[in-house]
Each structure stands twice: as C-alpha cells, then as structure tokens.
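Please read the structure below before turning to the comments.
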Amino acid sequence: MHCRIRTARAAQYLAVRALTAHGLAHPVTLVLLAAASTAAARAWDRGHPVDAIHPAPGQRARRAR
C-alpha cells in the first residue's frame, strides 16, 4: 500500500532534481515530470490522500513527536 506513495515521492524528487539541473524545457525533465504525475495519479486512484504524498509542514511536525 505504501509502495505507491514511495514511488510517487521518489518520482517527484527526481523530477525536481532534473528541473533544477536542466530546466523545464529539457527532455529528461519532461519525462520525469510525466512519470511523477503518473505515479501520483496511481497513488490517488488507490485511495491515498494528497497529503500522504506531500504532507503540510504542520503535519510533519506532529508526526515527528
């Protein structure tokens, strides 16, 4: 169940790294952004709420306690 969340987070992380390194118009960045959106959509379809992929700062602090 959490595998979809981890996949979405990893894909998003890689897409942001490519965006930072190469810019938005680079083909690698576009492919990784597409993979990240697909992974997030699959997690959503499995019933994971959006905050499970990107928790708000307040939620992170509460989970750390």
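By convention here, the chains of the structure tokens are called A, B, ... in the order presented, each chain's residues are numbered starting at 1, and ligands are numbered starting at 1 in the order presented.
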Q) Do you know which residues are at most 10 Å from stretch 26-37 of chain A counting only C-alpha atoms, after dropping those on the same chain fewer than 4 positions away, and could you put them as a PyMOL selection string? A) chain A and resi 7-22+41-43
